[in-house]
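*Asks:* entry.tsv is reproduced below (TSV, C-alpha atoms).
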```tsv
chain	number	residue	atom	x	y	z
A	241	MET	CA	12.74	0.93	-20.15
A	242	LYS	CA	13.36	-1.68	-17.46
A	243	ASN	CA	14.72	-1.57	-13.93
A	244	LYS	CA	18.07	-2.90	-15.11
A	245	ASP	CA	18.43	0.07	-17.47
A	246	LEU	CA	18.56	2.38	-14.45
A	247	LEU	CA	21.75	0.87	-13.10
A	248	ASP	CA	24.10	2.45	-15.62
A	249	ALA	CA	21.93	5.46	-16.39
A	250	LEU	CA	21.77	6.59	-12.74
A	251	SER	CA	24.95	4.91	-11.47
A	252	CYS	CA	22.91	3.42	-8.66
A	253	THR	CA	23.64	0.43	-6.43
A	254	VAL	CA	21.46	-2.69	-6.35
A	255	LEU	CA	20.51	-3.44	-2.74
A	256	CYS	CA	18.03	-6.11	-3.78
A	257	PRO	CA	17.72	-7.32	-7.39
A	258	GLY	CA	14.05	-8.36	-7.17
A	259	ASN	CA	12.79	-8.19	-10.74
A	260	LEU	CA	15.30	-6.23	-12.81
A	261	ASP	CA	13.30	-6.93	-15.97
A	262	LYS	CA	10.22	-5.12	-14.67
A	263	GLU	CA	9.00	-2.41	-17.03
A	264	ILE	CA	9.20	1.24	-15.94
A	265	LYS	CA	6.32	3.52	-16.90
A	266	GLY	CA	6.93	6.62	-14.81
A	267	CYS	CA	8.28	8.00	-11.57
A	268	TYR	CA	6.85	9.10	-8.22
A	269	ILE	CA	8.56	10.80	-5.28
A	270	GLY	CA	7.20	10.66	-1.73
A	271	ASP	CA	7.77	9.58	1.84
A	272	LEU	CA	4.23	9.62	3.23
A	273	LEU	CA	3.15	6.04	2.65
A	274	SER	CA	-0.60	6.56	2.25
A	275	TRP	CA	0.04	9.43	-0.10
A	276	VAL	CA	2.32	7.28	-2.24
A	277	MET	CA	-0.11	4.39	-2.06
A	278	GLY	CA	-2.96	6.53	-3.31
A	279	ARG	CA	-1.10	8.41	-6.04
A	280	ALA	CA	1.83	6.42	-7.39
A	281	GLN	CA	0.94	4.60	-10.59
A	282	GLU	CA	1.68	1.04	-11.54
A	283	GLY	CA	5.18	0.81	-13.01
A	284	ASP	CA	6.47	4.01	-11.40
A	285	ILE	CA	9.97	4.19	-10.01
A	286	TRP	CA	9.36	5.15	-6.37
A	287	ILE	CA	11.99	7.56	-5.03
A	288	THR	CA	11.96	7.80	-1.24
A	289	ILE	CA	14.11	8.11	1.86
A	290	MET	CA	11.88	5.71	3.83
A	291	ASN	CA	13.62	2.39	4.41
A	292	HIS	CA	11.57	0.31	6.84
A	293	VAL	CA	9.64	-2.85	6.17
A	294	ASN	CA	6.29	-1.19	5.50
A	295	VAL	CA	7.82	0.39	2.40
A	296	LEU	CA	7.79	-3.08	0.87
A	297	ALA	CA	4.06	-3.51	1.45
A	298	VAL	CA	3.35	-0.19	-0.24
A	299	ALA	CA	5.74	-0.99	-3.12
A	300	SER	CA	4.08	-4.34	-3.65
A	301	LEU	CA	0.48	-3.16	-3.35
A	302	ALA	CA	0.98	-0.06	-5.49
A	303	ASP	CA	2.85	-2.17	-8.08
A	304	VAL	CA	5.74	0.25	-8.48
A	305	SER	CA	8.62	-0.90	-10.68
A	306	CYS	CA	11.21	-0.46	-7.94
A	307	VAL	CA	12.09	1.39	-4.76
A	308	LEU	CA	14.90	3.90	-5.34
A	309	LEU	CA	16.44	5.10	-2.09
A	310	ALA	CA	17.87	8.60	-2.43
A	311	GLU	CA	20.64	10.45	-0.64
A	312	GLY	CA	22.58	7.32	0.32
A	313	VAL	CA	19.81	5.94	2.53
A	314	THR	CA	20.30	2.23	3.00
A	315	MET	CA	18.05	-0.65	4.03
A	316	GLU	CA	18.74	-3.18	6.77
A	317	GLU	CA	19.51	-6.75	5.82
A	318	PRO	CA	16.29	-8.33	7.22
A	319	VAL	CA	14.23	-5.82	5.22
A	320	LEU	CA	16.23	-6.58	2.07
A	321	GLN	CA	15.66	-10.28	2.61
A	322	LYS	CA	11.93	-9.61	2.69
A	323	ALA	CA	12.25	-7.52	-0.46
A	324	GLN	CA	13.88	-10.45	-2.22
A	325	GLU	CA	11.15	-12.83	-0.98
A	326	GLN	CA	8.58	-10.45	-2.46
A	327	ASN	CA	10.57	-9.94	-5.67
A	328	ILE	CA	10.86	-6.18	-5.11
A	329	THR	CA	13.81	-4.34	-6.66
A	330	VAL	CA	15.54	-1.94	-4.26
A	331	LEU	CA	18.12	0.48	-5.63
A	332	GLN	CA	20.20	3.10	-3.87
A	333	SER	CA	21.85	6.31	-4.97
A	334	SER	CA	23.79	9.08	-3.26
A	335	LYS	CA	21.93	11.63	-5.40
A	336	THR	CA	19.02	13.70	-4.09
A	337	ALA	CA	15.45	12.89	-5.13
A	338	TYR	CA	15.52	16.01	-7.33
A	339	GLN	CA	18.73	14.96	-9.09
A	340	LEU	CA	17.39	11.45	-9.62
A	341	ALA	CA	14.08	12.70	-10.97
A	342	ALA	CA	15.87	15.08	-13.33
A	343	CYS	CA	17.93	12.17	-14.72
A	344	ILE	CA	14.87	9.93	-15.01
A	345	ALA	CA	12.94	12.63	-16.84
A	346	GLN	CA	15.62	12.50	-19.55
A	347	LEU	CA	15.30	8.71	-19.80
A	348	LEU	CA	11.52	8.34	-19.99
B	368	MET	CA	-15.42	-17.67	-11.25
B	369	ASN	CA	-19.08	-18.06	-10.36
B	370	GLU	CA	-18.50	-19.35	-6.88
B	371	ILE	CA	-18.04	-17.03	-3.95
B	372	LEU	CA	-14.63	-16.94	-2.31
B	373	LYS	CA	-14.54	-16.11	1.38
B	374	LEU	CA	-11.38	-15.10	3.19
B	375	HIS	CA	-10.82	-14.35	6.86
B	376	TYR	CA	-7.85	-12.66	8.52
B	377	VAL	CA	-6.92	-11.85	12.10
B	378	VAL	CA	-4.81	-8.69	12.16
B	379	ASP	CA	-2.18	-8.63	14.91
B	380	GLY	CA	-2.16	-5.17	16.47
B	381	ASN	CA	1.22	-5.71	18.10
B	382	ASN	CA	3.24	-6.60	15.04
B	383	PHE	CA	3.78	-3.51	12.99
B	384	SER	CA	6.19	-5.19	10.59
B	385	LEU	CA	3.56	-7.78	9.60
B	386	ALA	CA	0.95	-5.10	8.87
B	387	GLY	CA	-0.23	-5.30	5.29
B	388	GLN	CA	0.01	-9.08	5.04
B	389	ALA	CA	-3.73	-9.58	4.74
B	390	ALA	CA	-3.89	-7.04	1.89
B	391	SER	CA	-0.92	-8.71	0.18
B	392	ASP	CA	-2.59	-12.11	0.50
B	393	VAL	CA	-5.88	-10.85	-0.95
B	394	LYS	CA	-3.96	-9.29	-3.81
B	395	LYS	CA	-2.35	-12.65	-4.60
B	396	MET	CA	-5.71	-14.44	-4.42
B	397	LEU	CA	-7.37	-11.95	-6.79
B	398	LYS	CA	-4.46	-12.28	-9.21
B	399	THR	CA	-4.90	-16.04	-9.15
B	400	LEU	CA	-8.59	-15.56	-9.94
B	401	GLY	CA	-7.54	-13.51	-12.98
B	402	MET	CA	-9.22	-10.28	-11.91
B	403	ALA	CA	-8.53	-7.03	-13.77
B	404	PRO	CA	-5.38	-5.23	-12.52
B	405	ASP	CA	-7.41	-2.09	-11.81
B	406	VAL	CA	-9.78	-3.98	-9.49
B	407	ILE	CA	-6.89	-5.71	-7.74
B	408	ARG	CA	-5.13	-2.41	-7.19
B	409	ARG	CA	-8.23	-0.72	-5.75
B	410	VAL	CA	-8.98	-3.62	-3.41
B	411	SER	CA	-5.33	-3.81	-2.31
B	412	ILE	CA	-5.03	-0.11	-1.52
B	413	ALA	CA	-8.39	0.14	0.26
B	414	MET	CA	-7.66	-2.95	2.33
B	415	TYR	CA	-4.09	-1.97	3.20
B	416	GLU	CA	-5.28	1.39	4.50
B	417	GLY	CA	-7.94	-0.31	6.62
B	418	GLU	CA	-5.47	-2.86	7.89
B	419	MET	CA	-2.94	-0.17	8.86
B	420	ASN	CA	-5.65	1.79	10.66
B	421	MET	CA	-6.46	-1.32	12.69
B	422	VAL	CA	-2.82	-1.74	13.69
B	423	ILE	CA	-2.15	1.94	14.39
B	424	HIS	CA	-5.38	2.86	16.18
B	425	ALA	CA	-7.24	-0.23	17.32
B	426	ASP	CA	-4.75	-2.90	18.43
B	427	GLY	CA	-5.69	-5.15	15.55
B	428	GLY	CA	-8.97	-6.70	14.52
B	429	GLU	CA	-10.53	-9.06	12.00
B	430	ILE	CA	-11.11	-8.79	8.28
B	431	ASP	CA	-13.58	-10.74	6.17
B	432	VAL	CA	-13.40	-10.61	2.40
B	433	ASP	CA	-16.16	-11.91	0.14
B	434	VAL	CA	-15.49	-12.24	-3.56
B	435	THR	CA	-18.59	-12.51	-5.71
B	436	PRO	CA	-18.88	-12.37	-9.49
B	437	LYS	CA	-19.90	-8.71	-9.19
B	438	ALA	CA	-17.83	-7.27	-6.36
B	439	VAL	CA	-15.20	-7.68	-3.67
B	440	VAL	CA	-16.63	-6.81	-0.26
B	441	MET	CA	-14.29	-6.20	2.68
B	442	ARG	CA	-15.53	-5.98	6.25
B	443	LEU	CA	-12.99	-4.76	8.80
B	444	ALA	CA	-14.02	-4.98	12.44
B	445	ASP	CA	-12.04	-3.80	15.45
B	446	ARG	CA	-12.57	-3.26	19.14
B	447	GLY	CA	-10.60	-0.04	19.24
B	448	PRO	CA	-11.57	3.33	20.72
B	449	GLY	CA	-14.14	4.16	18.01
B	450	ILE	CA	-14.39	7.30	15.90
B	451	ALA	CA	-15.91	10.39	17.54
B	452	ASP	CA	-16.44	12.46	14.41
B	453	ILE	CA	-16.66	10.52	11.15
B	454	ASP	CA	-16.90	13.66	8.96
B	455	LEU	CA	-13.65	14.89	10.46
B	456	VAL	CA	-11.70	11.67	9.85
B	457	MET	CA	-12.88	11.60	6.24
B	458	GLN	CA	-11.05	14.88	5.57
B	459	GLU	CA	-7.73	14.52	3.76
B	460	GLY	CA	-4.89	15.45	6.06
B	461	TYR	CA	-6.68	14.83	9.37
B	462	SER	CA	-4.84	12.28	11.49
B	463	THR	CA	-4.57	11.21	15.11
B	464	ALA	CA	-1.55	8.96	14.54
B	465	PRO	CA	1.15	9.33	17.22
B	466	ASP	CA	4.55	10.88	16.41
B	467	ASP	CA	6.47	7.58	16.32
B	468	ILE	CA	4.05	6.28	13.68
B	469	ARG	CA	4.30	9.52	11.69
B	470	ALA	CA	8.10	9.19	11.66
B	471	LEU	CA	7.62	5.99	9.66
B	472	GLY	CA	5.68	7.82	6.99
B	473	PHE	CA	2.16	7.06	8.22
B	474	GLY	CA	-0.34	9.54	9.58
B	475	ALA	CA	-0.69	11.60	6.43
B	476	GLY	CA	-4.44	11.67	6.99
B	477	MET	CA	-5.03	9.84	3.73
B	478	GLY	CA	-6.14	6.44	5.05
B	479	LEU	CA	-9.91	6.80	5.08
B	480	PRO	CA	-9.94	9.21	2.10
B	481	ASN	CA	-8.00	6.59	0.11
B	482	MET	CA	-10.43	3.89	1.22
B	483	LYS	CA	-13.32	6.03	-0.01
B	484	LYS	CA	-11.55	6.96	-3.24
B	485	TYR	CA	-10.75	3.40	-4.23
B	486	SER	CA	-13.99	1.68	-3.21
B	487	ASN	CA	-17.40	2.06	-4.81
B	488	ASP	CA	-19.07	2.11	-1.43
B	489	LEU	CA	-17.74	2.75	2.08
B	490	LYS	CA	-19.78	2.36	5.25
B	491	ILE	CA	-18.44	3.22	8.71
B	492	GLU	CA	-20.19	2.04	11.85
B	493	SER	CA	-18.48	3.19	15.02
B	494	GLN	CA	-19.26	3.43	18.69
B	495	LEU	CA	-16.95	5.14	21.13
B	496	GLY	CA	-15.32	2.65	23.50
B	497	ILE	CA	-16.73	-0.33	21.60
B	498	GLY	CA	-15.12	-0.34	18.18
B	499	THR	CA	-15.43	0.33	14.50
B	500	THR	CA	-16.64	-1.74	11.58
B	501	ILE	CA	-15.85	-0.58	8.08
B	502	THR	CA	-17.46	-2.20	5.05
B	503	MET	CA	-16.06	-1.47	1.61
B	504	ARG	CA	-17.25	-2.71	-1.75
B	505	VAL	CA	-15.21	-2.63	-4.92
B	506	ASP	CA	-17.28	-3.40	-8.01
B	507	ILE	CA	-15.63	-5.65	-10.53
B	508	ASN	CA	-17.16	-4.10	-13.62
B	509	SER	CA	-16.95	-0.40	-12.86
B	510	ARG	CA	-14.09	1.94	-12.23
B	511	GLY	CA	-14.01	3.68	-8.86
```
What do you get writing this file as structure tokens?
*Replies:*
Amino acid sequence: MKNKDLLDALSCTVLCPGNLDKEIKGCYIGDLLSWVMGRAQEGDIWITIMNHVNVLAVASLADVSCVLLAEGVTMEEPVLQKAQEQNITVLQSSKTAYQLAACIAQLL
Amino acid sequence: MNEILKLHYVVDGNNFSLAGQAASDVKKMLKTLGMAPDVIRRVSIAMYEGEMNMVIHADGGEIDVDVTPKAVVMRLADRGPGIADIDLVMQEGYSTAPDDIRALGFGAGMGLPNMKKYSNDLKIESQLGIGTTITMRVDINSRG
């Protein structure tokens, strides 16, 4: 499964396309950055409500497949520009992290 | 890849949004050198945690990275307040990060534990009021 397959499956919005062809291997939920950094696996969808620029560093260094912002959280334009520069996919959904994870569990 | 690569970074303690750039740059360099993804990931995580600690606690500092055929060695030196009790800061969940930093998702008390977890060797030298130097080694041919 690839990032682009999430768009229809989760009815989510693309805030930054990044690499929509990136392969998805799993899913991780968390808002504490060091915790996510230490435990998320390469290729995980990262579900979070954190939306500031340091999220991009963690996403990039932990090699997650994409950042999936839950509960309608958005990201400011300058941060999204940085995400595009770093080729990081940022998606957004109005669903809760639990609802998203439940949908993703069916897909993986 | 027999030659040694040396990298040097000055970490700006006043620019929170730039924090992590040195780790990102090292990651790119190691990718270019064709290192194993597992090694790159461990170096990246260990270095990012160290870099964030410098920005959050020590007003920046300097990082030297040596890449040898056997290991990646990172030396992070700051002139911050120093660490009073090293055993305490090595405990998962212990943090002295201020509330505004915690609101951004930092301060989980996982920084140094992550650095230890992902490196093969971690050495902390610290003097109160003078600063802290952390040396981490990630071996290229063994999993941490």
*Asks:* May I ask you to extract the residues of chain A within 7 Å of chain B, using all atoms listed in the file, and to give them as a list in words?
*Replies:*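 Every residue of chain A that passes the 7 Å test is in Asp271, Leu272, Leu273, Ser274, Trp275, Met277, Gly278, Val293, Asn294, Ala297, Leu301 and Ala302 of chain A.
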*Asks:* Contacts of Glu492 (chain B) at 9 Å or less, counting all atoms listed in the file, minus same-chain residues fewer than 6 places along, as a PDB file with C-alpha atoms, keeping the file's coordinate frame?
*Replies:*
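result16.pdb was written with the following content:
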```
ATOM      1  CA  GLY B 449     -14.140   4.160  18.010  1.00  0.00           C
ATOM      2  CA  ILE B 450     -14.390   7.300  15.900  1.00  0.00           C
ATOM      3  CA  GLY B 498     -15.120  -0.340  18.180  1.00  0.00           C
ATOM      4  CA  THR B 499     -15.430   0.330  14.500  1.00  0.00           C
ATOM      5  CA  THR B 500     -16.640  -1.740  11.580  1.00  0.00           C
ATOM      6  CA  ILE B 501     -15.850  -0.580   8.080  1.00  0.00           C
ATOM      7  CA  THR B 502     -17.460  -2.200   5.050  1.00  0.00           C
TER       8      THR B 502
END
```
*Asks:* For the atom pair CA of Leu255 (chain A) and CA of Leu308 (chain A), what is the interatomic distance in Å to one decimal place?
*Replies:* 9.6 Å
*Asks:* Quick one, how far is CA of Ile507 (chain B) from CA of Thr435 (chain B)?
*Replies:* 8.9 Å
*Asks:* Enter the distance from CA of Asp392 (chain B) to CA of Asp506 (chain B), in Å, rounded to one decimal.
*Replies:* 19.1 Å
*Asks:* May I ask which of the residues A:Gln346, A:Thr253, A:Asn259, A:Gln326 is the closest one to Leu309 (chain A), counting only C-alpha atoms?
*Replies:* A:Thr253
*Asks:* Given the choices A:Glu282, A:Val319, A:Gly312, A:Pro257, which gets closest to Leu340 (chain A) if the distance is worked out from only C-alpha atoms?
*Replies:*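 Of A:Glu282, A:Val319, A:Gly312, A:Pro257, the one nearest Leu340 (chain A) is A:Gly312, counting only C-alpha atoms.
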*Asks:* Measuring between all atoms listed in the file, which one of B:Ala464, B:Val505, B:Val440, B:Ile453 shows the shortest distance to Ile491 (chain B)?
*Replies:*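 That would be B:Ile453, the residue with the smallest distance to Ile491 (chain B).
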*Asks:* Rank nothing, just name the residue among B:Val393, B:Ala438, B:Leu372, B:Leu443 nearest to Ala425 (chain B), using all atoms listed in the file.
*Replies:*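 The shortest atom-to-atom distance to Ala425 (chain B) comes from B:Leu443.
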*Asks:* Write out as a ChimeraX atom specification each polymer residue whose atoms come within 9 Å of Asp303 (chain A), counting only C-alpha atoms; drop sequence neighbours fewer than 2 positions from it.
*Replies:* /A:280-284,298-301,305-306 /B:408
*Asks:* Looking at A:Asn327, A:Gln321, A:Asn243, A:Gln332, which one is nearest to Ile287 (chain A), with distances taken over all atoms listed in the file?
*Replies:*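 Of A:Asn327, A:Gln321, A:Asn243, A:Gln332, the one nearest Ile287 (chain A), counting all atoms listed in the file, is A:Gln332.
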*Asks:* Identify the residues around (-11.3, -6.3, 9.5) within a radius of 10 Å, measuring from all atoms listed in the file in the coordinates stated by the file, and give them as a list of chain:residue names.
*Replies:* B:His375, B:Tyr376, B:Val377, B:Val378, B:Ala389, B:Met414, B:Gly417, B:Glu418, B:Asn420, B:Met421, B:Gly427, B:Gly428, B:Glu429, B:Ile430, B:Asp431, B:Val432, B:Met441, B:Arg442, B:Leu443, B:Ala444, B:Asp445, B:Thr499, B:Thr500, B:Ile501, B:Thr502
*Asks:* Could you pull out every residue with an atom within 12 Å of (15.9, -7.6, -9.4), file coordinates, counting all atoms listed in the file, and send them as a PyMOL selection string?
*Replies:* chain A and resi 242-247+253-263+305-307+320+323-331
*Asks:* Determine, counting only C-alpha atoms, which protein, DNA and RNA residues have an atom within 10 Å of an atom of Cys343 (chain A); residues of the same chain fewer than 6 positions away are not included. Present the result as a PyMOL selection string.
*Replies:* chain A and resi 246+249-250+337
